[in-house]
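Worksheet: one structure, shown below.
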Amino acid sequence: MNGQDQYRQEIHSMEKQKIMELLYEVKDPEVPVLSILDLGIVREVKVYTEEDQQKVEISITPTYSGCPAMDVISMDIRLKLIEKGYRHVVIRQQLSPAWTTDWMTEEGKNKLRSYGIAPPNPKQQFCITEMFQEELVNCPRCNSTHTNLISQFGSTACKAMYKCLDCTETFDYFKCH
Amino acid sequence: MQKHLFTYLLHLADNALVLGQRNAEWTGHGPVLEQDIAITNISLDLIGQARHFYQYAAKGFNQMAAEEKTAADQLLPRIWKSYGRELEEDDLAMLRDEHQYRNLLITELPKGDWAFSILRQYFFSVFQFYQYEALQCSTDPDIAAIAEKSIKETAYHVRWSAEWVIRLGDGTNESHQRIRQALSELWMFTGEFFEASPFETSLASTGTGADPAAIKQKWMDAVSVVFSEAGLDIPVAPALQSGGKKGIHTEYMGYLLAEMQFLQRTYPNAQW
Ligand SMILES: [Zn+2]
């Protein structure tokens, strides 16, 4: 590797850092307290130079197939980067490995809870798809486990609707996936 | 991409799109708000799955050699040919004619009452679940990736619809009557799931596609368990209605397409 290549690589990794910080500012349009990094949908950020131009390639994994937020997120990423002067941006959707709620960060789960949405349970222990089985979900307001499933599908495809029997609040549960 | 694969992708996409369109008719008409939201969320999942298959089909078509493109000509939307640009997902979804759709007949039947929509969803979702299960191991990495993603959603659809089949079957006299009526109308369309078309046979032999005949026993076993809880009997009548995979549809398909395609045909290339 010659000196120029090495220099270039250092620039690229610094740029990558900056881009990660910018991505932290891109929010999930349906749950605006969560950044797309909290959500765990950013798979890869690549910065490279081609024909003397610096290019950025970002891979994201869709959450749900029909999630209308995915197109908005792609556009928001592009806008955010253009705003900061990155002109050659490619956003790729990567389907495999499929996104799972386990990729959501702890910080993201805490933000969800304080926003009034119960965060997803860890997949291995709790994710239940058998009939008439209810997942144990804690109320995001009073933390009671005394809760009832109202509907498996809530305000968006990623959420179910629950009711807390202690504080009587109805709340969304971010389903494990 | 070869014609068989292109056809297969359209078949998988059309199943999801057409049923998604039917379920979307429940928007604002569900029996209670929560279930209205549930079935329309299932629509959204299905339409999203359809998009993945159409996107892959369009990309594959654009990369075909000239003679392969000619072979696939019968499946292409006529209006698109006048556009003079590459094929896109929306052209496939919104501009083909009735005989170019390869969806199963069961997906295009009118939504009927709640029992009918529920039982149709259940039959379809169980089939789709095992189909995706097989496709996760497809030798085609794009198909495997779409299946891996979609099966998680389908697992929820199976659960939701199975619970409703039991609730209606084991519910009141009226709900039981209604789901039995739905069963008598739907059963004849279930045979088509497992009847392999030439494109399915060809793709199953290379490990690209799933052999629908191999799904039959699993489907029967799953349905039997739920039916026994719901107090329903598996009909003995043969299930002989088919044609969708060949592009021969029921009288209902034209009306569905007329509504679904109106905007793109009247205002070509209109954007949301
Ligand atoms: Zn509570």
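In the structure tokens, chains take letters A, B, ... by order of appearance, with residues numbered from 1 within each chain and ligands from 1 in the order shown.
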I'd like the neighbourhood of A:Lys159 as a compact mmCIF listing (two decimals) with N, CA, C and O atoms, in the first residue's frame, where a residue qualifies if any of its atoms comes within 8 Å (using only C-alpha atoms), though same-chain residues fewer than 5 positions away should be ignored.
# COMPACT_ATOMS: atom_id res chain seq x y z
N GLN A 152 -53.45 -8.35 17.88
CA GLN A 152 -52.08 -8.65 17.43
C GLN A 152 -51.54 -7.63 16.46
O GLN A 152 -50.36 -7.62 16.15
N PHE A 153 -52.43 -6.81 15.92
CA PHE A 153 -51.97 -5.79 14.99
C PHE A 153 -52.44 -4.45 15.52
O PHE A 153 -53.63 -4.28 15.82
N GLY A 154 -51.51 -3.52 15.66
CA GLY A 154 -51.87 -2.22 16.23
C GLY A 154 -51.85 -1.13 15.19
O GLY A 154 -52.18 -1.34 14.04
N ASP A 172 -49.19 0.39 22.96
CA ASP A 172 -48.64 -0.38 21.84
C ASP A 172 -47.48 -1.22 22.33
O ASP A 172 -46.70 -0.78 23.17
N TYR A 173 -47.37 -2.41 21.78
CA TYR A 173 -46.21 -3.28 22.05
C TYR A 173 -45.49 -3.49 20.72
O TYR A 173 -46.12 -3.91 19.73
N PHE A 174 -44.22 -3.18 20.69
CA PHE A 174 -43.42 -3.41 19.48
C PHE A 174 -43.17 -4.91 19.39
O PHE A 174 -42.39 -5.45 20.16
N LYS A 175 -43.86 -5.59 18.48
CA LYS A 175 -43.82 -7.06 18.42
C LYS A 175 -42.42 -7.59 18.14
O LYS A 175 -41.71 -7.00 17.33
Check which residues of chain A sit at most 12 Å from chain B using only C-alpha atoms, and return one row each with the closest pair of atoms and their distance in Å to one decimal, ordered by chain and rising number, as JSON lines.
{"residue": "A:Thr61", "atom": "CA", "partner": "B:Lys149", "partner_atom": "CA", "distance": 9.8}
{"residue": "A:Pro62", "atom": "CA", "partner": "B:Lys149", "partner_atom": "CA", "distance": 8.8}
{"residue": "A:Thr63", "atom": "CA", "partner": "B:Lys149", "partner_atom": "CA", "distance": 8.7}
{"residue": "A:Tyr64", "atom": "CA", "partner": "B:Asp45", "partner_atom": "CA", "distance": 7.0}
{"residue": "A:Ser65", "atom": "CA", "partner": "B:Gly48", "partner_atom": "CA", "distance": 4.4}
{"residue": "A:Gly66", "atom": "CA", "partner": "B:Gly48", "partner_atom": "CA", "distance": 3.6}
{"residue": "A:Cys67", "atom": "CA", "partner": "B:Gly48", "partner_atom": "CA", "distance": 7.1}
{"residue": "A:Pro68", "atom": "CA", "partner": "B:Leu44", "partner_atom": "CA", "distance": 8.6}
{"residue": "A:Ala69", "atom": "CA", "partner": "B:Gly48", "partner_atom": "CA", "distance": 11.6}
{"residue": "A:Met70", "atom": "CA", "partner": "B:Gly48", "partner_atom": "CA", "distance": 10.6}
{"residue": "A:Asp71", "atom": "CA", "partner": "B:Gly48", "partner_atom": "CA", "distance": 11.6}
{"residue": "A:Gln93", "atom": "CA", "partner": "B:His52", "partner_atom": "CA", "distance": 10.4}
{"residue": "A:Gln94", "atom": "CA", "partner": "B:Ala145", "partner_atom": "CA", "distance": 8.6}
{"residue": "A:Leu95", "atom": "CA", "partner": "B:Ala145", "partner_atom": "CA", "distance": 5.5}
{"residue": "A:Ser96", "atom": "CA", "partner": "B:Ala145", "partner_atom": "CA", "distance": 4.9}
{"residue": "A:Pro97", "atom": "CA", "partner": "B:Ala145", "partner_atom": "CA", "distance": 7.1}
{"residue": "A:Ala98", "atom": "CA", "partner": "B:Lys149", "partner_atom": "CA", "distance": 5.0}
{"residue": "A:Trp99", "atom": "CA", "partner": "B:Lys149", "partner_atom": "CA", "distance": 7.4}
{"residue": "A:Thr100", "atom": "CA", "partner": "B:Lys149", "partner_atom": "CA", "distance": 9.4}
{"residue": "A:Thr101", "atom": "CA", "partner": "B:Lys152", "partner_atom": "CA", "distance": 11.5}
{"residue": "A:Lys123", "atom": "CA", "partner": "B:Lys152", "partner_atom": "CA", "distance": 11.8}
{"residue": "A:Cys127", "atom": "CA", "partner": "B:Tyr156", "partner_atom": "CA", "distance": 10.8}
{"residue": "A:Ile128", "atom": "CA", "partner": "B:Tyr156", "partner_atom": "CA", "distance": 9.2}
{"residue": "A:Thr129", "atom": "CA", "partner": "B:Arg159", "partner_atom": "CA", "distance": 6.2}
{"residue": "A:Glu130", "atom": "CA", "partner": "B:Arg159", "partner_atom": "CA", "distance": 6.4}
{"residue": "A:Met131", "atom": "CA", "partner": "B:Arg159", "partner_atom": "CA", "distance": 5.6}
{"residue": "A:Phe132", "atom": "CA", "partner": "B:Glu163", "partner_atom": "CA", "distance": 6.8}
{"residue": "A:Gln133", "atom": "CA", "partner": "B:Arg159", "partner_atom": "CA", "distance": 9.8}
{"residue": "A:Glu134", "atom": "CA", "partner": "B:Arg159", "partner_atom": "CA", "distance": 11.7}
{"residue": "A:Leu149", "atom": "CA", "partner": "B:Glu34", "partner_atom": "CA", "distance": 11.2}
{"residue": "A:Ile150", "atom": "CA", "partner": "B:Glu34", "partner_atom": "CA", "distance": 7.8}
{"residue": "A:Ser151", "atom": "CA", "partner": "B:Glu34", "partner_atom": "CA", "distance": 6.0}
{"residue": "A:Gln152", "atom": "CA", "partner": "B:Ala38", "partner_atom": "CA", "distance": 7.0}
{"residue": "A:Phe153", "atom": "CA", "partner": "B:Ala38", "partner_atom": "CA", "distance": 4.8}
{"residue": "A:Gly154", "atom": "CA", "partner": "B:Ile37", "partner_atom": "CA", "distance": 6.8}
{"residue": "A:Ser155", "atom": "CA", "partner": "B:Ile37", "partner_atom": "CA", "distance": 7.3}
{"residue": "A:Thr156", "atom": "CA", "partner": "B:Asn41", "partner_atom": "CA", "distance": 7.1}
{"residue": "A:Ala157", "atom": "CA", "partner": "B:Asn41", "partner_atom": "CA", "distance": 5.4}
{"residue": "A:Cys158", "atom": "CA", "partner": "B:Asn41", "partner_atom": "CA", "distance": 9.1}
{"residue": "A:Lys159", "atom": "CA", "partner": "B:Asn41", "partner_atom": "CA", "distance": 10.1}
{"residue": "A:Ala160", "atom": "CA", "partner": "B:Ala38", "partner_atom": "CA", "distance": 9.2}
{"residue": "A:Met161", "atom": "CA", "partner": "B:Glu34", "partner_atom": "CA", "distance": 8.5}
{"residue": "A:Tyr162", "atom": "CA", "partner": "B:Glu34", "partner_atom": "CA", "distance": 11.1}
{"residue": "A:Lys175", "atom": "CA", "partner": "B:Tyr156", "partner_atom": "CA", "distance": 10.2}
{"residue": "A:Cys176", "atom": "CA", "partner": "B:Lys152", "partner_atom": "CA", "distance": 9.8}
{"residue": "A:His177", "atom": "CA", "partner": "B:Lys152", "partner_atom": "CA", "distance": 6.6}
Could you make a table, as JSON lines, of the residues of chain A that have an atom within 8 Å of an atom of ligand 1, each with its nearest atom pair and distance in Å to one decimal, counting only C-alpha atoms and all ligand atoms, in chain and number order?
{"residue": "A:Asn138", "atom": "CA", "partner": "ligand 1", "partner_atom_place_in_ligand_line": "1 (Zn)", "distance": 7.8}
{"residue": "A:Cys139", "atom": "CA", "partner": "ligand 1", "partner_atom_place_in_ligand_line": "1 (Zn)", "distance": 4.6}
{"residue": "A:Pro140", "atom": "CA", "partner": "ligand 1", "partner_atom_place_in_ligand_line": "1 (Zn)", "distance": 6.7}
{"residue": "A:Arg141", "atom": "CA", "partner": "ligand 1", "partner_atom_place_in_ligand_line": "1 (Zn)", "distance": 5.1}
{"residue": "A:Cys142", "atom": "CA", "partner": "ligand 1", "partner_atom_place_in_ligand_line": "1 (Zn)", "distance": 4.1}
{"residue": "A:Asn143", "atom": "CA", "partner": "ligand 1", "partner_atom_place_in_ligand_line": "1 (Zn)", "distance": 5.9}
{"residue": "A:Ser144", "atom": "CA", "partner": "ligand 1", "partner_atom_place_in_ligand_line": "1 (Zn)", "distance": 5.4}
{"residue": "A:His146", "atom": "CA", "partner": "ligand 1", "partner_atom_place_in_ligand_line": "1 (Zn)", "distance": 7.8}
{"residue": "A:Thr147", "atom": "CA", "partner": "ligand 1", "partner_atom_place_in_ligand_line": "1 (Zn)", "distance": 7.6}
{"residue": "A:Lys163", "atom": "CA", "partner": "ligand 1", "partner_atom_place_in_ligand_line": "1 (Zn)", "distance": 7.8}
{"residue": "A:Cys164", "atom": "CA", "partner": "ligand 1", "partner_atom_place_in_ligand_line": "1 (Zn)", "distance": 4.5}
{"residue": "A:Leu165", "atom": "CA", "partner": "ligand 1", "partner_atom_place_in_ligand_line": "1 (Zn)", "distance": 6.7}
{"residue": "A:Asp166", "atom": "CA", "partner": "ligand 1", "partner_atom_place_in_ligand_line": "1 (Zn)", "distance": 5.3}
{"residue": "A:Cys167", "atom": "CA", "partner": "ligand 1", "partner_atom_place_in_ligand_line": "1 (Zn)", "distance": 4.1}
{"residue": "A:Thr168", "atom": "CA", "partner": "ligand 1", "partner_atom_place_in_ligand_line": "1 (Zn)", "distance": 6.2}
{"residue": "A:Glu169", "atom": "CA", "partner": "ligand 1", "partner_atom_place_in_ligand_line": "1 (Zn)", "distance": 5.9}
How would the residues just chosen look if you wrote them out with N, CA and C atoms as a PDB file, in the first residue's frame?
ATOM      1  N   ASN A 138     -44.627  -6.096  29.646  1.00  0.00           N
ATOM      2  CA  ASN A 138     -44.709  -5.143  30.747  1.00  0.00           C
ATOM      3  C   ASN A 138     -45.330  -3.833  30.286  1.00  0.00           C
ATOM      4  N   CYS A 139     -46.180  -3.268  31.127  1.00  0.00           N
ATOM      5  CA  CYS A 139     -46.758  -1.961  30.826  1.00  0.00           C
ATOM      6  C   CYS A 139     -45.641  -0.908  30.838  1.00  0.00           C
ATOM      7  N   PRO A 140     -45.541  -0.123  29.757  1.00  0.00           N
ATOM      8  CA  PRO A 140     -44.465   0.874  29.714  1.00  0.00           C
ATOM      9  C   PRO A 140     -44.671   2.014  30.716  1.00  0.00           C
ATOM     10  N   ARG A 141     -45.875   2.140  31.267  1.00  0.00           N
ATOM     11  CA  ARG A 141     -46.118   3.236  32.215  1.00  0.00           C
ATOM     12  C   ARG A 141     -45.863   2.832  33.658  1.00  0.00           C
ATOM     13  N   CYS A 142     -46.492   1.703  34.095  1.00  0.00           N
ATOM     14  CA  CYS A 142     -46.359   1.346  35.499  1.00  0.00           C
ATOM     15  C   CYS A 142     -45.545   0.068  35.681  1.00  0.00           C
ATOM     16  N   ASN A 143     -45.072  -0.492  34.570  1.00  0.00           N
ATOM     17  CA  ASN A 143     -44.226  -1.686  34.613  1.00  0.00           C
ATOM     18  C   ASN A 143     -44.940  -2.953  35.095  1.00  0.00           C
ATOM     19  N   SER A 144     -46.246  -2.888  35.234  1.00  0.00           N
ATOM     20  CA  SER A 144     -46.999  -4.074  35.645  1.00  0.00           C
ATOM     21  C   SER A 144     -46.936  -5.151  34.555  1.00  0.00           C
ATOM     22  N   HIS A 146     -49.332  -7.324  34.535  1.00  0.00           N
ATOM     23  CA  HIS A 146     -50.740  -7.677  34.535  1.00  0.00           C
ATOM     24  C   HIS A 146     -51.392  -7.011  33.313  1.00  0.00           C
ATOM     25  N   THR A 147     -51.072  -7.534  32.114  1.00  0.00           N
ATOM     26  CA  THR A 147     -51.548  -6.878  30.896  1.00  0.00           C
ATOM     27  C   THR A 147     -52.242  -7.889  29.991  1.00  0.00           C
ATOM     28  N   LYS A 163     -53.485  -3.865  26.815  1.00  0.00           N
ATOM     29  CA  LYS A 163     -54.076  -3.010  27.841  1.00  0.00           C
ATOM     30  C   LYS A 163     -53.501  -3.413  29.189  1.00  0.00           C
ATOM     31  N   CYS A 164     -53.177  -2.402  29.997  1.00  0.00           N
ATOM     32  CA  CYS A 164     -52.671  -2.666  31.340  1.00  0.00           C
ATOM     33  C   CYS A 164     -53.855  -2.766  32.285  1.00  0.00           C
ATOM     34  N   LEU A 165     -53.926  -3.861  33.042  1.00  0.00           N
ATOM     35  CA  LEU A 165     -55.077  -4.060  33.928  1.00  0.00           C
ATOM     36  C   LEU A 165     -54.889  -3.317  35.244  1.00  0.00           C
ATOM     37  N   ASP A 166     -53.676  -2.867  35.526  1.00  0.00           N
ATOM     38  CA  ASP A 166     -53.436  -2.119  36.763  1.00  0.00           C
ATOM     39  C   ASP A 166     -53.675  -0.626  36.598  1.00  0.00           C
ATOM     40  N   CYS A 167     -52.981  -0.022  35.610  1.00  0.00           N
ATOM     41  CA  CYS A 167     -53.175   1.429  35.439  1.00  0.00           C
ATOM     42  C   CYS A 167     -54.218   1.740  34.377  1.00  0.00           C
ATOM     43  N   THR A 168     -54.783   0.681  33.764  1.00  0.00           N
ATOM     44  CA  THR A 168     -55.863   0.748  32.768  1.00  0.00           C
ATOM     45  C   THR A 168     -55.496   1.457  31.457  1.00  0.00           C
ATOM     46  N   GLU A 169     -54.210   1.730  31.258  1.00  0.00           N
ATOM     47  CA  GLU A 169     -53.806   2.355  30.001  1.00  0.00           C
ATOM     48  C   GLU A 169     -53.777   1.322  28.866  1.00  0.00           C
TER      49      GLU A 169
END
Point to revise | Selected residue of minimal separation from A:His88 among A:Glu30, A:Asp52, A:Glu10, A:Glu25, counting only C-alpha atoms | key: A:Asp52
Review point. Which is closer to B:Leu10 than all the others in B:Gly254, B:Gly247, B:Pro268, B:Gly169, using only C-alpha atoms?
Key: B:Gly247
Point to revise | Proximity to B:Leu257 - best of B:Leu12, B:Met1, B:Ala115, B:Leu17, only C-alpha atoms | key: B:Leu17
**Study point:** strand (DSSP E) residues, from DSSP on the backbone, in stretch 61-153 of chain A, as an MDAnalysis selection string
**Key:** chainID A and resid 89:93 117:118 147:151
Can I get the selected residues back with all heavy atoms, as a PDB file, in the first residue's frame?
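Ended up saving to out27.pdb:
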ATOM      1  N   VAL A  89     -24.515   9.349  -3.242  1.00  0.00           N
ATOM      2  CA  VAL A  89     -25.007   8.454  -2.199  1.00  0.00           C
ATOM      3  C   VAL A  89     -25.848   7.352  -2.834  1.00  0.00           C
ATOM      4  O   VAL A  89     -26.770   7.628  -3.593  1.00  0.00           O
ATOM      5  CB  VAL A  89     -25.873   9.230  -1.178  1.00  0.00           C
ATOM      6  CG1 VAL A  89     -26.388   8.292  -0.102  1.00  0.00           C
ATOM      7  CG2 VAL A  89     -25.081  10.375  -0.570  1.00  0.00           C
ATOM      8  N   VAL A  90     -25.487   6.115  -2.533  1.00  0.00           N
ATOM      9  CA  VAL A  90     -26.297   4.991  -2.999  1.00  0.00           C
ATOM     10  C   VAL A  90     -26.872   4.311  -1.761  1.00  0.00           C
ATOM     11  O   VAL A  90     -26.141   4.021  -0.814  1.00  0.00           O
ATOM     12  CB  VAL A  90     -25.434   3.976  -3.790  1.00  0.00           C
ATOM     13  CG1 VAL A  90     -26.274   2.780  -4.222  1.00  0.00           C
ATOM     14  CG2 VAL A  90     -24.807   4.650  -4.998  1.00  0.00           C
ATOM     15  N   ILE A  91     -28.172   4.077  -1.770  1.00  0.00           N
ATOM     16  CA  ILE A  91     -28.790   3.364  -0.649  1.00  0.00           C
ATOM     17  C   ILE A  91     -29.317   2.036  -1.163  1.00  0.00           C
ATOM     18  O   ILE A  91     -30.113   1.989  -2.094  1.00  0.00           O
ATOM     19  CB  ILE A  91     -29.899   4.202  -0.010  1.00  0.00           C
ATOM     20  CG1 ILE A  91     -29.255   5.467   0.586  1.00  0.00           C
ATOM     21  CG2 ILE A  91     -30.606   3.410   1.093  1.00  0.00           C
ATOM     22  CD1 ILE A  91     -30.220   6.549   0.876  1.00  0.00           C
ATOM     23  N   ARG A  92     -28.810   0.972  -0.566  1.00  0.00           N
ATOM     24  CA  ARG A  92     -29.220  -0.360  -1.000  1.00  0.00           C
ATOM     25  C   ARG A  92     -30.101  -0.982   0.063  1.00  0.00           C
ATOM     26  O   ARG A  92     -29.870  -0.806   1.257  1.00  0.00           O
ATOM     27  CB  ARG A  92     -27.987  -1.255  -1.203  1.00  0.00           C
ATOM     28  CG  ARG A  92     -27.183  -0.931  -2.457  1.00  0.00           C
ATOM     29  CD  ARG A  92     -26.276  -2.094  -2.841  1.00  0.00           C
ATOM     30  NE  ARG A  92     -25.509  -2.611  -1.712  1.00  0.00           N
ATOM     31  CZ  ARG A  92     -25.599  -3.856  -1.267  1.00  0.00           C
ATOM     32  NH1 ARG A  92     -26.403  -4.725  -1.835  1.00  0.00           N
ATOM     33  NH2 ARG A  92     -24.867  -4.249  -0.223  1.00  0.00           N
ATOM     34  N   GLN A  93     -31.111  -1.719  -0.393  1.00  0.00           N
ATOM     35  CA  GLN A  93     -31.903  -2.494   0.568  1.00  0.00           C
ATOM     36  C   GLN A  93     -31.364  -3.912   0.577  1.00  0.00           C
ATOM     37  O   GLN A  93     -31.249  -4.540  -0.470  1.00  0.00           O
ATOM     38  CB  GLN A  93     -33.374  -2.507   0.143  1.00  0.00           C
ATOM     39  CG  GLN A  93     -34.060  -1.203   0.440  1.00  0.00           C
ATOM     40  CD  GLN A  93     -35.547  -1.378   0.731  1.00  0.00           C
ATOM     41  OE1 GLN A  93     -36.037  -2.489   0.884  1.00  0.00           O
ATOM     42  NE2 GLN A  93     -36.255  -0.275   0.811  1.00  0.00           N
ATOM     43  N   ILE A 117     -44.322   3.076  24.447  1.00  0.00           N
ATOM     44  CA  ILE A 117     -44.460   1.833  23.671  1.00  0.00           C
ATOM     45  C   ILE A 117     -43.640   0.757  24.366  1.00  0.00           C
ATOM     46  O   ILE A 117     -42.472   0.972  24.692  1.00  0.00           O
ATOM     47  CB  ILE A 117     -43.941   2.027  22.227  1.00  0.00           C
ATOM     48  CG1 ILE A 117     -44.766   3.086  21.493  1.00  0.00           C
ATOM     49  CG2 ILE A 117     -43.959   0.703  21.459  1.00  0.00           C
ATOM     50  CD1 ILE A 117     -44.235   3.447  20.117  1.00  0.00           C
ATOM     51  N   ALA A 118     -44.244  -0.404  24.607  1.00  0.00           N
ATOM     52  CA  ALA A 118     -43.492  -1.492  25.229  1.00  0.00           C
ATOM     53  C   ALA A 118     -42.489  -2.036  24.221  1.00  0.00           C
ATOM     54  O   ALA A 118     -42.864  -2.374  23.099  1.00  0.00           O
ATOM     55  CB  ALA A 118     -44.442  -2.583  25.691  1.00  0.00           C
ATOM     56  N   THR A 147     -51.072  -7.534  32.114  1.00  0.00           N
ATOM     57  CA  THR A 147     -51.548  -6.878  30.896  1.00  0.00           C
ATOM     58  C   THR A 147     -52.242  -7.889  29.991  1.00  0.00           C
ATOM     59  O   THR A 147     -51.982  -9.091  30.075  1.00  0.00           O
ATOM     60  CB  THR A 147     -50.370  -6.266  30.104  1.00  0.00           C
ATOM     61  OG1 THR A 147     -49.427  -7.311  29.785  1.00  0.00           O
ATOM     62  CG2 THR A 147     -49.657  -5.179  30.898  1.00  0.00           C
ATOM     63  N   ASN A 148     -53.100  -7.389  29.122  1.00  0.00           N
ATOM     64  CA  ASN A 148     -53.888  -8.236  28.216  1.00  0.00           C
ATOM     65  C   ASN A 148     -53.681  -7.834  26.765  1.00  0.00           C
ATOM     66  O   ASN A 148     -53.669  -6.647  26.462  1.00  0.00           O
ATOM     67  CB  ASN A 148     -55.374  -8.003  28.507  1.00  0.00           C
ATOM     68  CG  ASN A 148     -55.964  -9.165  29.253  1.00  0.00           C
ATOM     69  OD1 ASN A 148     -55.291 -10.164  29.482  1.00  0.00           O
ATOM     70  ND2 ASN A 148     -57.218  -9.033  29.642  1.00  0.00           N
ATOM     71  N   LEU A 149     -53.585  -8.837  25.916  1.00  0.00           N
ATOM     72  CA  LEU A 149     -53.520  -8.546  24.477  1.00  0.00           C
ATOM     73  C   LEU A 149     -54.908  -8.123  23.983  1.00  0.00           C
ATOM     74  O   LEU A 149     -55.890  -8.816  24.226  1.00  0.00           O
ATOM     75  CB  LEU A 149     -53.074  -9.801  23.716  1.00  0.00           C
ATOM     76  CG  LEU A 149     -53.100  -9.718  22.196  1.00  0.00           C
ATOM     77  CD1 LEU A 149     -51.988  -8.829  21.675  1.00  0.00           C
ATOM     78  CD2 LEU A 149     -52.985 -11.110  21.579  1.00  0.00           C
ATOM     79  N   ILE A 150     -54.970  -6.983  23.308  1.00  0.00           N
ATOM     80  CA  ILE A 150     -56.243  -6.580  22.694  1.00  0.00           C
ATOM     81  C   ILE A 150     -56.250  -6.984  21.229  1.00  0.00           C
ATOM     82  O   ILE A 150     -57.229  -7.498  20.706  1.00  0.00           O
ATOM     83  CB  ILE A 150     -56.461  -5.053  22.801  1.00  0.00           C
ATOM     84  CG1 ILE A 150     -56.534  -4.627  24.266  1.00  0.00           C
ATOM     85  CG2 ILE A 150     -57.739  -4.642  22.077  1.00  0.00           C
ATOM     86  CD1 ILE A 150     -56.683  -3.137  24.447  1.00  0.00           C
ATOM     87  N   SER A 151     -55.150  -6.727  20.531  1.00  0.00           N
ATOM     88  CA  SER A 151     -55.091  -7.082  19.122  1.00  0.00           C
ATOM     89  C   SER A 151     -53.642  -7.309  18.715  1.00  0.00           C
ATOM     90  O   SER A 151     -52.754  -6.592  19.141  1.00  0.00           O
ATOM     91  CB  SER A 151     -55.708  -5.967  18.272  1.00  0.00           C
ATOM     92  OG  SER A 151     -55.508  -6.248  16.909  1.00  0.00           O
TER      93      SER A 151
END
Point to revise | Neighbour list for stretch 117-130 of chain B as a ChimeraX atom specification, cut-off 8 Å, only C-alpha atoms, skip fewer than 5 positions in-chain | key: /B:23,106-107,111-112,151,154-155,157-158,161-162,164-165,179,182-183,186,190,193,215,218-219,222-223
Exercise for review: Report the residues of stretch 66-268 of chain B whose backbone DSSP state falls under alpha helix (DSSP H), written as a ChimeraX atom specification.
Suggested key: /B:66-71,78-81,89-94,105-108,114-135,141-169,173-186,191-194,198-205,216-230,252-266
